[in-house]
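Novice: Structure file model34.tsv (TSV, C-alpha atoms) right here:
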chain	number	residue	atom	x	y	z
A	1	MET	CA	111.97	-6.55	-15.63
A	2	TYR	CA	110.54	-5.07	-12.46
A	3	TYR	CA	109.30	-6.81	-9.35
A	4	TYR	CA	107.22	-5.36	-6.59
A	5	VAL	CA	108.99	-5.37	-3.26
A	6	ALA	CA	107.67	-8.15	-1.10
A	7	ILE	CA	109.41	-7.05	2.04
A	8	MET	CA	110.11	-3.41	2.75
A	9	THR	CA	112.60	-4.08	5.54
A	10	VAL	CA	116.03	-3.29	4.11
A	11	SER	CA	119.38	-2.93	5.82
A	12	PRO	CA	119.63	0.42	7.63
A	13	LEU	CA	121.32	3.32	5.91
A	14	GLY	CA	124.94	4.04	6.74
A	15	GLU	CA	126.00	7.51	7.87
A	16	PHE	CA	127.62	8.46	4.55
A	17	GLU	CA	124.65	7.10	2.62
A	18	GLN	CA	122.42	9.47	4.58
A	19	VAL	CA	124.76	12.38	3.85
A	20	VAL	CA	124.63	11.62	0.12
A	21	LEU	CA	120.83	11.29	0.09
A	22	LEU	CA	120.44	14.57	2.00
A	23	ALA	CA	122.76	16.36	-0.44
A	24	ILE	CA	120.70	15.05	-3.39
A	25	LEU	CA	117.49	16.22	-1.72
A	26	ARG	CA	119.00	19.70	-1.19
A	27	LEU	CA	120.07	19.96	-4.83
A	28	GLY	CA	116.72	18.88	-6.24
A	29	ASP	CA	116.67	18.24	-9.98
A	30	THR	CA	120.27	19.37	-10.52
A	31	ALA	CA	121.99	16.68	-8.44
A	32	TYR	CA	124.88	15.05	-10.28
A	33	GLY	CA	128.32	13.82	-9.22
A	34	VAL	CA	130.24	17.11	-9.13
A	35	LYS	CA	127.45	19.08	-7.46
A	36	ILE	CA	126.73	16.38	-4.89
A	37	ARG	CA	130.38	16.29	-3.93
A	38	ASN	CA	130.60	20.10	-3.66
A	39	GLU	CA	127.39	20.26	-1.62
A	40	ILE	CA	128.67	17.68	0.86
A	41	GLU	CA	132.02	19.43	1.18
A	42	GLU	CA	130.38	22.84	1.70
A	43	CYS	CA	127.83	21.63	4.23
A	44	THR	CA	129.95	19.23	6.25
A	45	GLY	CA	133.50	20.43	5.64
A	46	ARG	CA	134.48	16.88	4.79
A	47	LYS	CA	136.80	16.13	1.88
A	48	ILE	CA	135.10	13.48	-0.25
A	49	THR	CA	137.12	11.24	-2.52
A	50	PRO	CA	135.51	10.47	-5.90
A	51	GLY	CA	135.77	6.74	-5.18
A	52	ALA	CA	133.76	7.03	-1.94
A	53	LEU	CA	131.04	9.06	-3.65
A	54	TYR	CA	130.59	6.94	-6.77
A	55	THR	CA	130.63	3.60	-4.95
A	56	THR	CA	127.95	4.97	-2.61
A	57	LEU	CA	125.86	6.29	-5.51
A	58	GLU	CA	126.15	2.94	-7.25
A	59	ARG	CA	125.13	1.06	-4.09
A	60	LEU	CA	122.16	3.34	-3.41
A	61	GLU	CA	121.00	2.99	-6.99
A	62	ARG	CA	121.35	-0.80	-6.79
A	63	LYS	CA	119.24	-0.78	-3.61
A	64	SER	CA	116.60	1.25	-5.49
A	65	MET	CA	116.97	4.25	-3.19
A	66	LEU	CA	118.11	6.44	-6.05
A	67	VAL	CA	117.26	6.63	-9.69
A	68	GLY	CA	119.58	8.14	-12.30
A	69	ARG	CA	118.81	9.78	-15.62
A	70	SER	CA	121.23	10.97	-18.28
A	71	GLY	CA	121.48	14.62	-19.24
A	72	GLU	CA	122.88	16.23	-22.38
A	73	PRO	CA	126.57	15.75	-23.28
A	74	THR	CA	128.70	18.88	-22.84
A	75	ALA	CA	132.03	19.97	-24.31
A	76	ILE	CA	133.68	20.63	-20.94
A	77	ARG	CA	133.05	17.00	-20.06
A	78	GLY	CA	134.65	15.72	-23.28
A	79	GLY	CA	131.24	15.07	-24.82
A	80	ARG	CA	130.08	12.96	-21.88
A	81	ALA	CA	126.62	13.27	-20.36
A	82	LYS	CA	125.87	14.14	-16.73
A	83	ARG	CA	123.92	11.64	-14.66
A	84	PHE	CA	121.27	13.30	-12.52
A	85	TYR	CA	120.03	11.53	-9.40
A	86	THR	CA	116.63	11.61	-7.72
A	87	LEU	CA	115.47	9.89	-4.54
A	88	THR	CA	112.91	7.14	-4.94
A	89	SER	CA	110.04	6.79	-2.49
A	90	ARG	CA	111.97	3.98	-0.84
A	91	GLY	CA	115.08	6.14	-0.49
A	92	ARG	CA	113.01	8.96	0.96
A	93	SER	CA	111.25	6.74	3.49
A	94	GLN	CA	114.52	5.09	4.56
A	95	LEU	CA	116.10	8.51	5.02
A	96	ILE	CA	113.13	9.78	7.03
A	97	GLN	CA	113.28	6.68	9.19
A	98	ALA	CA	117.00	7.15	9.87
A	99	GLN	CA	116.69	10.88	10.52
A	100	THR	CA	113.70	10.42	12.82
A	101	GLY	CA	115.92	8.31	15.03
A	102	PHE	CA	118.48	11.12	15.22
A	103	GLN	CA	115.77	13.68	15.95
A	104	ARG	CA	114.42	11.59	18.80
A	105	LEU	CA	117.90	11.34	20.28
A	106	LEU	CA	118.33	15.12	20.00
A	107	THR	CA	115.03	15.88	21.67
A	108	GLY	CA	115.61	17.53	25.03
A	109	LEU	CA	119.29	18.17	24.39
A	110	GLU	CA	120.64	21.68	23.98
A	111	LEU	CA	123.26	21.01	21.36
A	112	LEU	CA	122.14	23.40	18.66
A	113	GLY	CA	122.31	27.07	19.67
A	114	GLY	CA	121.33	26.50	23.25
A	115	GLU	CA	117.71	25.82	22.38
A	116	SER	CA	116.17	22.46	23.02
A	117	ASN	CA	114.90	20.57	19.98
A	118	GLY	CA	111.41	19.27	19.73
B	1	MET	CA	143.32	7.38	-27.89
B	2	ASP	CA	143.42	10.32	-25.41
B	3	ARG	CA	143.93	9.75	-21.71
B	4	ALA	CA	140.25	10.30	-20.82
B	5	THR	CA	139.11	7.67	-23.31
B	6	ALA	CA	141.78	5.24	-22.05
B	7	ALA	CA	140.81	5.87	-18.43
B	8	GLU	CA	137.12	5.47	-19.25
B	9	TRP	CA	137.88	2.15	-20.95
B	10	MET	CA	139.71	0.99	-17.80
B	11	LEU	CA	136.84	2.07	-15.54
B	12	ALA	CA	134.36	0.30	-17.81
B	13	ARG	CA	136.13	-2.98	-16.92
B	14	VAL	CA	134.90	-2.69	-13.33
B	15	VAL	CA	131.65	-0.69	-13.64
B	16	GLU	CA	128.96	-0.25	-16.27
B	17	GLN	CA	129.93	1.74	-19.36
B	18	SER	CA	127.37	4.48	-18.61
B	19	ARG	CA	128.75	4.94	-15.08
B	20	ALA	CA	132.34	4.97	-16.35
B	21	SER	CA	131.37	7.70	-18.80
B	22	GLU	CA	129.58	9.68	-16.07
B	23	ILE	CA	132.59	9.45	-13.72
B	24	MET	CA	135.06	10.44	-16.41
B	25	GLY	CA	132.88	13.41	-17.41
B	26	ASP	CA	132.72	14.54	-13.77
B	27	LEU	CA	136.49	14.14	-13.42
B	28	LEU	CA	137.12	16.27	-16.53
B	29	GLU	CA	134.65	18.90	-15.38
B	30	THR	CA	136.17	19.20	-11.91
B	31	ARG	CA	139.81	19.21	-12.90
B	32	PRO	CA	140.09	20.10	-16.60
B	33	GLU	CA	143.75	21.11	-16.48
B	34	GLN	CA	145.28	18.73	-14.00
B	35	GLY	CA	148.61	17.09	-14.86
B	36	SER	CA	148.97	13.53	-16.07
B	37	LEU	CA	150.22	12.20	-12.74
B	38	ARG	CA	147.28	13.62	-10.75
B	39	PHE	CA	144.82	12.47	-13.39
B	40	TRP	CA	146.06	8.89	-13.35
B	41	LEU	CA	146.24	8.89	-9.55
B	42	SER	CA	142.55	9.88	-9.50
B	43	VAL	CA	141.74	7.08	-11.93
B	44	LEU	CA	143.77	4.61	-9.86
B	45	GLY	CA	141.90	5.70	-6.73
B	46	LEU	CA	138.59	5.11	-8.48
B	47	LEU	CA	139.68	1.69	-9.73
B	48	ILE	CA	140.77	0.69	-6.22
B	49	SER	CA	137.49	1.96	-4.74
B	50	PHE	CA	135.47	-0.22	-7.07
B	51	THR	CA	137.64	-3.35	-6.84
B	52	TRP	CA	139.18	-3.55	-3.35
B	53	ARG	CA	136.20	-5.28	-1.77
B	54	PRO	CA	136.10	-8.33	-4.10
B	55	VAL	CA	139.90	-8.66	-4.04
B	56	VAL	CA	140.30	-8.37	-0.25
B	57	GLY	CA	137.18	-10.53	0.17
B	58	LEU	CA	138.79	-13.30	-1.87
B	59	VAL	CA	142.00	-13.11	0.18
B	60	LEU	CA	139.98	-13.27	3.39
B	61	ALA	CA	138.03	-16.22	2.00
B	62	TYR	CA	141.29	-18.21	1.70
B	63	PHE	CA	142.26	-17.30	5.26
B	64	ALA	CA	138.78	-18.26	6.46
B	65	ALA	CA	139.20	-21.66	4.78
B	66	LEU	CA	142.52	-22.15	6.57
B	67	PHE	CA	140.97	-21.09	9.87
B	68	SER	CA	138.13	-23.55	9.38
B	69	LEU	CA	140.47	-26.39	8.46
B	70	MET	CA	142.53	-25.77	11.58
B	71	PHE	CA	139.75	-25.28	14.10
B	72	SER	CA	136.73	-27.24	12.88
B	73	SER	CA	137.35	-29.65	10.04
B	74	LEU	CA	140.49	-31.22	11.46
B	75	ARG	CA	138.97	-31.82	14.86
B	76	PRO	CA	136.86	-34.91	13.96
B	77	ILE	CA	139.73	-36.31	11.88
B	78	MET	CA	142.05	-36.03	14.89
B	79	GLU	CA	139.44	-37.63	17.11
B	80	LEU	CA	138.97	-40.47	14.62
B	81	THR	CA	142.71	-41.07	14.61
B	82	LYS	CA	142.74	-41.04	18.40
B	83	GLN	CA	139.82	-43.49	18.48
B	84	ARG	CA	141.61	-45.92	16.19
B	85	SER	CA	144.66	-45.92	18.43
B	86	HIS	CA	142.39	-46.42	21.47
B	87	LEU	CA	140.69	-49.36	19.78
B	88	GLN	CA	144.05	-50.93	19.18
B	89	PHE	CA	144.60	-50.87	22.91
B	90	GLY	CA	141.12	-52.12	23.73
B	91	SER	CA	139.40	-48.83	24.58
B	92	ALA	CA	136.51	-47.53	22.50
B	93	GLY	CA	136.64	-44.02	23.96
B	94	TYR	CA	133.85	-41.64	22.88
B	95	LEU	CA	133.66	-42.70	19.26
B	96	THR	CA	131.83	-45.99	19.39
B	97	ASN	CA	129.92	-45.12	16.20
B	98	THR	CA	132.15	-44.22	13.25
B	99	TYR	CA	129.07	-43.24	11.22
B	100	TRP	CA	128.80	-40.01	13.19
B	101	THR	CA	132.51	-39.40	12.85
B	102	SER	CA	132.38	-39.83	9.06
B	103	LEU	CA	129.37	-37.54	8.96
B	104	THR	CA	131.23	-34.97	11.03
B	105	ILE	CA	134.17	-35.09	8.62
B	106	GLN	CA	131.83	-34.42	5.70
B	107	LEU	CA	130.26	-31.62	7.70
B	108	GLY	CA	133.76	-30.26	8.27
B	109	SER	CA	134.33	-29.88	4.52
B	110	VAL	CA	130.96	-28.12	4.14
B	111	THR	CA	131.83	-25.86	7.09
B	112	THR	CA	135.09	-24.91	5.39
B	113	LEU	CA	133.09	-23.92	2.29
B	114	LEU	CA	130.71	-21.92	4.48
B	115	TRP	CA	133.61	-20.03	6.05
B	116	ILE	CA	134.92	-19.21	2.56
B	117	VAL	CA	131.58	-17.59	1.69
B	118	ALA	CA	131.45	-15.84	5.07
B	119	GLY	CA	134.95	-14.37	4.70
B	120	TYR	CA	134.17	-13.08	1.23
B	121	ALA	CA	130.65	-11.82	1.98
B	122	VAL	CA	131.65	-9.78	5.03
B	123	VAL	CA	134.15	-7.74	3.02
B	124	ARG	CA	132.24	-7.64	-0.27
B	125	PHE	CA	128.77	-6.79	1.04
B	126	GLY	CA	129.37	-5.70	4.64
B	127	ILE	CA	128.27	-7.18	7.94
B	128	ARG	CA	124.77	-5.65	7.74
B	129	ASN	CA	123.99	-7.60	4.59
B	130	THR	CA	121.62	-10.51	5.15
B	131	SER	CA	123.71	-12.93	3.04
B	132	SER	CA	126.80	-12.06	5.12
B	133	GLN	CA	124.88	-12.64	8.34
B	134	MET	CA	123.46	-15.94	7.13
B	135	SER	CA	126.86	-17.18	5.93
B	136	ILE	CA	128.49	-16.32	9.27
B	137	GLY	CA	125.62	-17.90	11.19
B	138	THR	CA	125.71	-21.15	9.22
B	139	ALA	CA	129.52	-21.30	9.36
B	140	LEU	CA	129.47	-20.85	13.15
B	141	MET	CA	126.77	-23.48	13.49
B	142	GLY	CA	128.78	-25.84	11.30
B	143	THR	CA	131.88	-25.26	13.43
B	144	VAL	CA	129.98	-26.00	16.65
B	145	LEU	CA	128.47	-29.16	15.14
B	146	CYS	CA	131.89	-30.30	13.87
B	147	SER	CA	133.44	-29.79	17.26
B	148	TYR	CA	130.84	-31.60	19.35
B	149	LEU	CA	128.66	-33.82	17.14
B	150	TRP	CA	130.95	-36.83	17.65
B	151	ILE	CA	130.24	-36.82	21.41
B	152	PRO	CA	127.16	-39.06	21.87
B	153	ASP	CA	126.03	-37.48	25.19
B	154	GLY	CA	125.46	-34.01	23.82
B	155	ARG	CA	124.29	-34.97	20.33
B	156	PRO	CA	120.47	-34.80	20.78
B	157	ALA	CA	120.65	-31.45	22.56
B	158	LEU	CA	123.01	-30.06	19.94
B	159	LEU	CA	120.82	-31.18	17.05
B	160	ALA	CA	117.69	-29.83	18.76
B	161	VAL	CA	119.28	-26.42	19.39
B	162	SER	CA	120.58	-26.30	15.79
B	163	ALA	CA	117.13	-27.12	14.40
B	164	LEU	CA	115.55	-24.45	16.62
B	165	VAL	CA	118.05	-21.78	15.57
B	166	ALA	CA	117.56	-22.72	11.90
B	167	ALA	CA	113.75	-22.59	12.24
B	168	ILE	CA	113.84	-19.15	13.89
B	169	ALA	CA	116.26	-17.84	11.24
B	170	LEU	CA	114.11	-19.10	8.39
B	171	ILE	CA	110.90	-17.35	9.44
B	172	ASN	CA	111.99	-14.26	7.53
B	173	GLU	CA	111.67	-14.46	3.72
B	174	ARG	CA	114.76	-12.34	3.08
B	175	ARG	CA	116.86	-14.64	5.27
B	176	ARG	CA	115.48	-17.70	3.48
B	177	GLN	CA	116.55	-16.28	0.15
B	178	SER	CA	119.98	-15.36	1.51
B	179	LEU	CA	120.40	-18.86	2.91
B	180	GLY	CA	119.53	-20.22	-0.54
B	181	ILE	CA	122.26	-18.05	-2.07
B	182	VAL	CA	124.83	-19.24	0.50
B	183	LEU	CA	123.92	-22.93	0.25
B	184	GLY	CA	123.68	-22.77	-3.54
B	185	SER	CA	127.25	-21.49	-3.87
B	186	VAL	CA	128.48	-24.02	-1.28
B	187	ALA	CA	126.78	-26.88	-3.16
B	188	ILE	CA	128.35	-25.89	-6.48
B	189	ALA	CA	131.80	-25.52	-4.88
B	190	TRP	CA	131.39	-28.91	-3.20
B	191	VAL	CA	130.52	-30.55	-6.52
B	192	VAL	CA	133.46	-28.81	-8.27
B	193	GLY	CA	135.80	-30.01	-5.51
B	194	HIS	CA	134.65	-33.58	-5.92
B	195	LEU	CA	134.47	-33.65	-9.70
B	196	CYS	CA	137.75	-31.86	-10.30
B	197	PRO	CA	139.45	-34.00	-12.96
B	198	PHE	CA	142.91	-33.46	-11.49
B	199	TRP	CA	141.85	-34.98	-8.19
B	200	ARG	CA	142.53	-38.62	-8.97
B	201	SER	CA	144.92	-38.34	-11.90
B	202	TYR	CA	147.55	-36.13	-10.28
B	203	PRO	CA	147.22	-36.46	-6.51
B	204	GLU	CA	150.45	-34.53	-5.83
B	205	THR	CA	149.29	-31.32	-7.48
B	206	SER	CA	145.54	-31.83	-7.22
B	207	VAL	CA	145.24	-30.69	-3.61
B	208	LEU	CA	146.87	-27.36	-4.41
B	209	ILE	CA	144.78	-26.87	-7.56
B	210	VAL	CA	141.55	-27.72	-5.74
B	211	ALA	CA	142.53	-25.45	-2.83
B	212	ILE	CA	142.92	-22.53	-5.25
B	213	LEU	CA	140.11	-23.39	-7.65
B	214	VAL	CA	137.27	-24.27	-5.27
B	215	PRO	CA	137.25	-21.01	-3.24
B	216	LEU	CA	137.55	-19.04	-6.48
B	217	VAL	CA	134.58	-20.84	-8.07
B	218	GLU	CA	132.63	-20.49	-4.85
B	219	VAL	CA	133.02	-16.72	-4.50
B	220	VAL	CA	132.27	-16.18	-8.21
B	221	VAL	CA	129.06	-18.23	-7.91
B	222	PHE	CA	128.13	-16.50	-4.65
B	223	ASN	CA	128.73	-13.07	-6.17
B	224	TYR	CA	126.66	-13.96	-9.23
B	225	LEU	CA	123.75	-15.45	-7.27
B	226	HIS	CA	123.75	-12.57	-4.79
B	227	THR	CA	123.78	-9.89	-7.48
B	228	MET	CA	121.16	-11.64	-9.60
B	229	LEU	CA	118.71	-12.55	-6.86
B	230	THR	CA	119.00	-9.51	-4.62
B	231	SER	CA	118.85	-7.04	-7.50
B	232	SER	CA	115.55	-8.55	-8.65
B	233	ARG	CA	114.39	-8.61	-5.02
B	234	ASP	CA	115.34	-4.98	-4.40
B	235	ALA	CA	114.10	-3.65	-7.73
B	236	ILE	CA	110.84	-1.76	-7.42
B	237	SER	CA	108.13	-0.99	-9.87
B	238	PRO	CA	108.26	2.29	-11.81
B	239	GLU	CA	105.04	3.38	-10.10
B	240	ALA	CA	106.72	3.13	-6.71
B	241	LEU	CA	109.60	5.43	-7.68
Mind turning this structure into structure tokens?

Specialist:
Amino acid sequence: MYYYVAIMTVSPLGEFEQVVLLAILRLGDTAYGVKIRNEIEECTGRKITPGALYTTLERLERKSMLVGRSGEPTAIRGGRAKRFYTLTSRGRSQLIQAQTGFQRLLTGLELLGGESNG
Amino acid sequence: MDRATAAEWMLARVVEQSRASEIMGDLLETRPEQGSLRFWLSVLGLLISFTWRPVVGLVLAYFAALFSLMFSSLRPIMELTKQRSHLQFGSAGYLTNTYWTSLTIQLGSVTTLLWIVAGYAVVRFGIRNTSSQMSIGTALMGTVLCSYLWIPDGRPALLAVSALVAAIALINERRRQSLGIVLGSVAIAWVVGHLCPFWRSYPETSVLIVAILVPLVEVVVFNYLHTMLTSSRDAISPEAL
């Protein structure tokens, strides 16, 4: 059963939650556990434990920031299906809100390549 | 049963079956030829990731109960004892009205239950969670009331400030719901503590049983109410996805 959200104010996104949401956005329709983990490791250089990733995915899905859909089972996965993730409109707006804060803080600083941002 | 099926079964004890299957598929895809030791270490890591918060939260809940008993609940009892000895020697001291003292003692037991929820909630759901914040807030308020409510001079001011803080906190709908979750679990634990059949029949062992049982019941109820109510609150319509 679904309920419309009465209050759109939710607890702010944590740093790792933002990283996961950004990785899913980058991957588009092909975002599932293995690819998300690889994308984060390639982009940030951080080693991600499976436990950290899946607990975060579960939490984001529970908070309705992500939605998952099952793919086809494959032999390499022992006949198990992939679970593809997509951002919901709530997840997207929360991410934009969090990133806008970072962008504002970066404005006027010359951290990235010597050029000021904004 | 192969190791992947066994590991998936174990994971399904702590997460939904579909998620356990997804995780196991990902694990097989990433490391198809890893040895048994590494495989089971990965599974153990996943099990710990999904279960450490409730387990550590429960342990902290017991410590929070002890903390509350030492610093808030025992205070009015000690004062009552002191008052009785004063009365014997002809001095009424502060506690001229034992009604307030009895009330404070009852409040002390409720405060202990609030600290149990607070200790659990902070670890299980994090400090940014509204239920955690409401449980800490109410537990702190209970502690302050327990510590000073028996003093007649400061009582009106203390009650007025408490009412004001409560009114401000309850303006927000989310906080009202979280407070309902916290108070609901406290109420059930309080009833369980008082209706525990061992309480009167076996007084020697009953205290220990109640001390173990009540916090356990309380965190289970809190977890259930929180998951049930906040998941329906946070769920959004398919059109909004």

Novice: Need to verify the contact set: range 81-91 of chain A, 10 Å, only C-alpha atoms, exclusion of same-chain residues closer than 5 positions in sequence. Can you return it as a PyMOL selection string?

Specialist: (chain A and resi 8+10+13+18+21-22+24-25+27-36+57+60-61+63-75+96-97) or (chain B and resi 18-19+21-26+236+238-241)

Novice: Could you state the separation of CA of Val207 in chain B and CA of Ala189 in chain B in Å, given to one decimal place?

Specialist: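 Answer for the CA of Val207 in chain B to CA of Ala189 in chain B separation: 14.5 Å.
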
Novice: Can you pull out the residues contacting range 52-67 of chain B? Cut-off 8 Å, using all atoms listed in the file, and skip same-chain residues under 3 positions away; I want them as an MDAnalysis selection string.

Specialist: chainID B and resid 48:49 70:71 112:113 115:124 215:216 219

Novice: I need the residues from that last selection saved to file as a PDB file, keeping the file's coordinate frame (with C-alpha atoms), if you can.

Specialist:
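Generated file (out_31.pdb):
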ATOM      1  CA  ILE B  48     140.770   0.690  -6.220  1.00  0.00           C
ATOM      2  CA  SER B  49     137.490   1.960  -4.740  1.00  0.00           C
ATOM      3  CA  MET B  70     142.530 -25.770  11.580  1.00  0.00           C
ATOM      4  CA  PHE B  71     139.750 -25.280  14.100  1.00  0.00           C
ATOM      5  CA  THR B 112     135.090 -24.910   5.390  1.00  0.00           C
ATOM      6  CA  LEU B 113     133.090 -23.920   2.290  1.00  0.00           C
ATOM      7  CA  TRP B 115     133.610 -20.030   6.050  1.00  0.00           C
ATOM      8  CA  ILE B 116     134.920 -19.210   2.560  1.00  0.00           C
ATOM      9  CA  VAL B 117     131.580 -17.590   1.690  1.00  0.00           C
ATOM     10  CA  ALA B 118     131.450 -15.840   5.070  1.00  0.00           C
ATOM     11  CA  GLY B 119     134.950 -14.370   4.700  1.00  0.00           C
ATOM     12  CA  TYR B 120     134.170 -13.080   1.230  1.00  0.00           C
ATOM     13  CA  ALA B 121     130.650 -11.820   1.980  1.00  0.00           C
ATOM     14  CA  VAL B 122     131.650  -9.780   5.030  1.00  0.00           C
ATOM     15  CA  VAL B 123     134.150  -7.740   3.020  1.00  0.00           C
ATOM     16  CA  ARG B 124     132.240  -7.640  -0.270  1.00  0.00           C
ATOM     17  CA  PRO B 215     137.250 -21.010  -3.240  1.00  0.00           C
ATOM     18  CA  LEU B 216     137.550 -19.040  -6.480  1.00  0.00           C
ATOM     19  CA  VAL B 219     133.020 -16.720  -4.500  1.00  0.00           C
TER      20      VAL B 219
END

Novice: Can you tell me how far CA of Glu8 in chain B sits from CA of Lys47 in chain A, in Å to one decimal?

Specialist: 23.7 Å

Novice: Grab the CA of Ser131 in chain B to CA of Ser162 in chain B distance for me, in Å with one decimal place.

Specialist: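 Separation between CA of Ser131 in chain B and CA of Ser162 in chain B: 18.7 Å.
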
Novice: For Leu229 in chain B, list every protein, DNA or RNA residue within 10 Å, evaluated using all atoms listed in the file, and leave out those in the same chain fewer than 6 positions away; present the list as number ranges by chain.

Specialist: B: 177-178, 180-181

Novice: Could you tell me which of A:Leu111, A:Leu95, A:Val19, A:Ala52 comes closest to chain B if we count all atoms listed in the file?

Specialist: A:Ala52

Novice: Excluding Gly51 in chain A and its own-chain neighbours fewer than 2 positions away, which residues fall within 8 Å of it when counting only C-alpha atoms? Please give them as a list in words.

Specialist: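 Non-adjacent residues within range: Thr49, Leu53, Tyr54 and Thr55 of chain A; Gly45, Leu46, Leu47, Ile48, Ser49 and Phe50 of chain B.
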
Novice: If we count only C-alpha atoms, what is near Val165 in chain B at a cut-off of 12 Å, once residues fewer than 5 positions away on the same chain are taken out, given as number ranges by chain?

Specialist: B: 134, 137-138, 140-141, 158-160, 170-171

Novice: May I ask which of the residues A:Gly14, A:Pro50, A:Gly108, A:Gly101 is the closest one to chain B, counting only C-alpha atoms?

Specialist: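 Comparing A:Gly14, A:Pro50, A:Gly108, A:Gly101 against chain B, the winner is A:Pro50.
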
Novice: I'd like to know which of B:Val191, B:Ala12, B:Ala7, B:Leu44 is closest to chain A, using all atoms listed in the file.

Specialist: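 Of all the options, B:Leu44 lies closest to chain A.
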
Novice: Please enclose the listed atoms of range 103-113 of chain A in an axis-aligned box, pad each side by 4 Å, and write out the centre and the three edge lengths in Å, rounded to one decimal, as JSON.

Specialist:
{"center_x": 118.8, "center_y": 19.2, "center_z": 20.5, "size_x": 16.8, "size_y": 23.7, "size_z": 17.1}

Novice: Complete the atoms of range 81-98 of chain A to N, CA and C atoms and put them out as a PDB file, keeping the file's coordinate frame.

Specialist:
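Once everything was written out, this is result.pdb:
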ATOM      1  N   ALA A  81     127.854  12.765 -20.989  1.00  0.00           N
ATOM      2  CA  ALA A  81     126.620  13.270 -20.360  1.00  0.00           C
ATOM      3  C   ALA A  81     126.715  13.245 -18.842  1.00  0.00           C
ATOM      4  N   LYS A  82     125.986  14.172 -18.198  1.00  0.00           N
ATOM      5  CA  LYS A  82     125.870  14.140 -16.730  1.00  0.00           C
ATOM      6  C   LYS A  82     124.837  13.073 -16.373  1.00  0.00           C
ATOM      7  N   ARG A  83     124.949  12.576 -15.150  1.00  0.00           N
ATOM      8  CA  ARG A  83     123.920  11.640 -14.660  1.00  0.00           C
ATOM      9  C   ARG A  83     123.256  12.289 -13.446  1.00  0.00           C
ATOM     10  N   PHE A  84     121.998  12.635 -13.594  1.00  0.00           N
ATOM     11  CA  PHE A  84     121.270  13.300 -12.520  1.00  0.00           C
ATOM     12  C   PHE A  84     120.563  12.264 -11.650  1.00  0.00           C
ATOM     13  N   TYR A  85     120.614  12.499 -10.353  1.00  0.00           N
ATOM     14  CA  TYR A  85     120.030  11.530  -9.400  1.00  0.00           C
ATOM     15  C   TYR A  85     118.807  12.120  -8.700  1.00  0.00           C
ATOM     16  N   THR A  86     117.828  11.248  -8.466  1.00  0.00           N
ATOM     17  CA  THR A  86     116.630  11.610  -7.720  1.00  0.00           C
ATOM     18  C   THR A  86     116.341  10.516  -6.710  1.00  0.00           C
ATOM     19  N   LEU A  87     115.841  10.901  -5.533  1.00  0.00           N
ATOM     20  CA  LEU A  87     115.470   9.890  -4.540  1.00  0.00           C
ATOM     21  C   LEU A  87     114.187   9.173  -4.962  1.00  0.00           C
ATOM     22  N   THR A  88     114.156   7.881  -4.725  1.00  0.00           N
ATOM     23  CA  THR A  88     112.910   7.140  -4.940  1.00  0.00           C
ATOM     24  C   THR A  88     112.084   7.234  -3.645  1.00  0.00           C
ATOM     25  N   SER A  89     110.866   6.745  -3.704  1.00  0.00           N
ATOM     26  CA  SER A  89     110.040   6.790  -2.490  1.00  0.00           C
ATOM     27  C   SER A  89     110.658   5.904  -1.399  1.00  0.00           C
ATOM     28  N   ARG A  90     111.305   4.830  -1.824  1.00  0.00           N
ATOM     29  CA  ARG A  90     111.970   3.980  -0.840  1.00  0.00           C
ATOM     30  C   ARG A  90     113.150   4.714  -0.185  1.00  0.00           C
ATOM     31  N   GLY A  91     113.945   5.389  -1.016  1.00  0.00           N
ATOM     32  CA  GLY A  91     115.080   6.140  -0.490  1.00  0.00           C
ATOM     33  C   GLY A  91     114.618   7.208   0.486  1.00  0.00           C
ATOM     34  N   ARG A  92     113.545   7.891   0.115  1.00  0.00           N
ATOM     35  CA  ARG A  92     113.010   8.960   0.960  1.00  0.00           C
ATOM     36  C   ARG A  92     112.515   8.396   2.303  1.00  0.00           C
ATOM     37  N   SER A  93     111.794   7.283   2.229  1.00  0.00           N
ATOM     38  CA  SER A  93     111.250   6.740   3.490  1.00  0.00           C
ATOM     39  C   SER A  93     112.357   6.181   4.384  1.00  0.00           C
ATOM     40  N   GLN A  94     113.388   5.584   3.768  1.00  0.00           N
ATOM     41  CA  GLN A  94     114.520   5.090   4.560  1.00  0.00           C
ATOM     42  C   GLN A  94     115.265   6.245   5.225  1.00  0.00           C
ATOM     43  N   LEU A  95     115.413   7.345   4.476  1.00  0.00           N
ATOM     44  CA  LEU A  95     116.100   8.510   5.020  1.00  0.00           C
ATOM     45  C   LEU A  95     115.301   9.120   6.166  1.00  0.00           C
ATOM     46  N   ILE A  96     113.992   9.233   5.975  1.00  0.00           N
ATOM     47  CA  ILE A  96     113.130   9.780   7.030  1.00  0.00           C
ATOM     48  C   ILE A  96     113.223   8.911   8.286  1.00  0.00           C
ATOM     49  N   GLN A  97     113.196   7.603   8.053  1.00  0.00           N
ATOM     50  CA  GLN A  97     113.280   6.680   9.190  1.00  0.00           C
ATOM     51  C   GLN A  97     114.588   6.867   9.969  1.00  0.00           C
ATOM     52  N   ALA A  98     115.691   6.986   9.220  1.00  0.00           N
ATOM     53  CA  ALA A  98     117.000   7.150   9.870  1.00  0.00           C
ATOM     54  C   ALA A  98     117.090   8.495  10.582  1.00  0.00           C
TER      55      ALA A  98
END
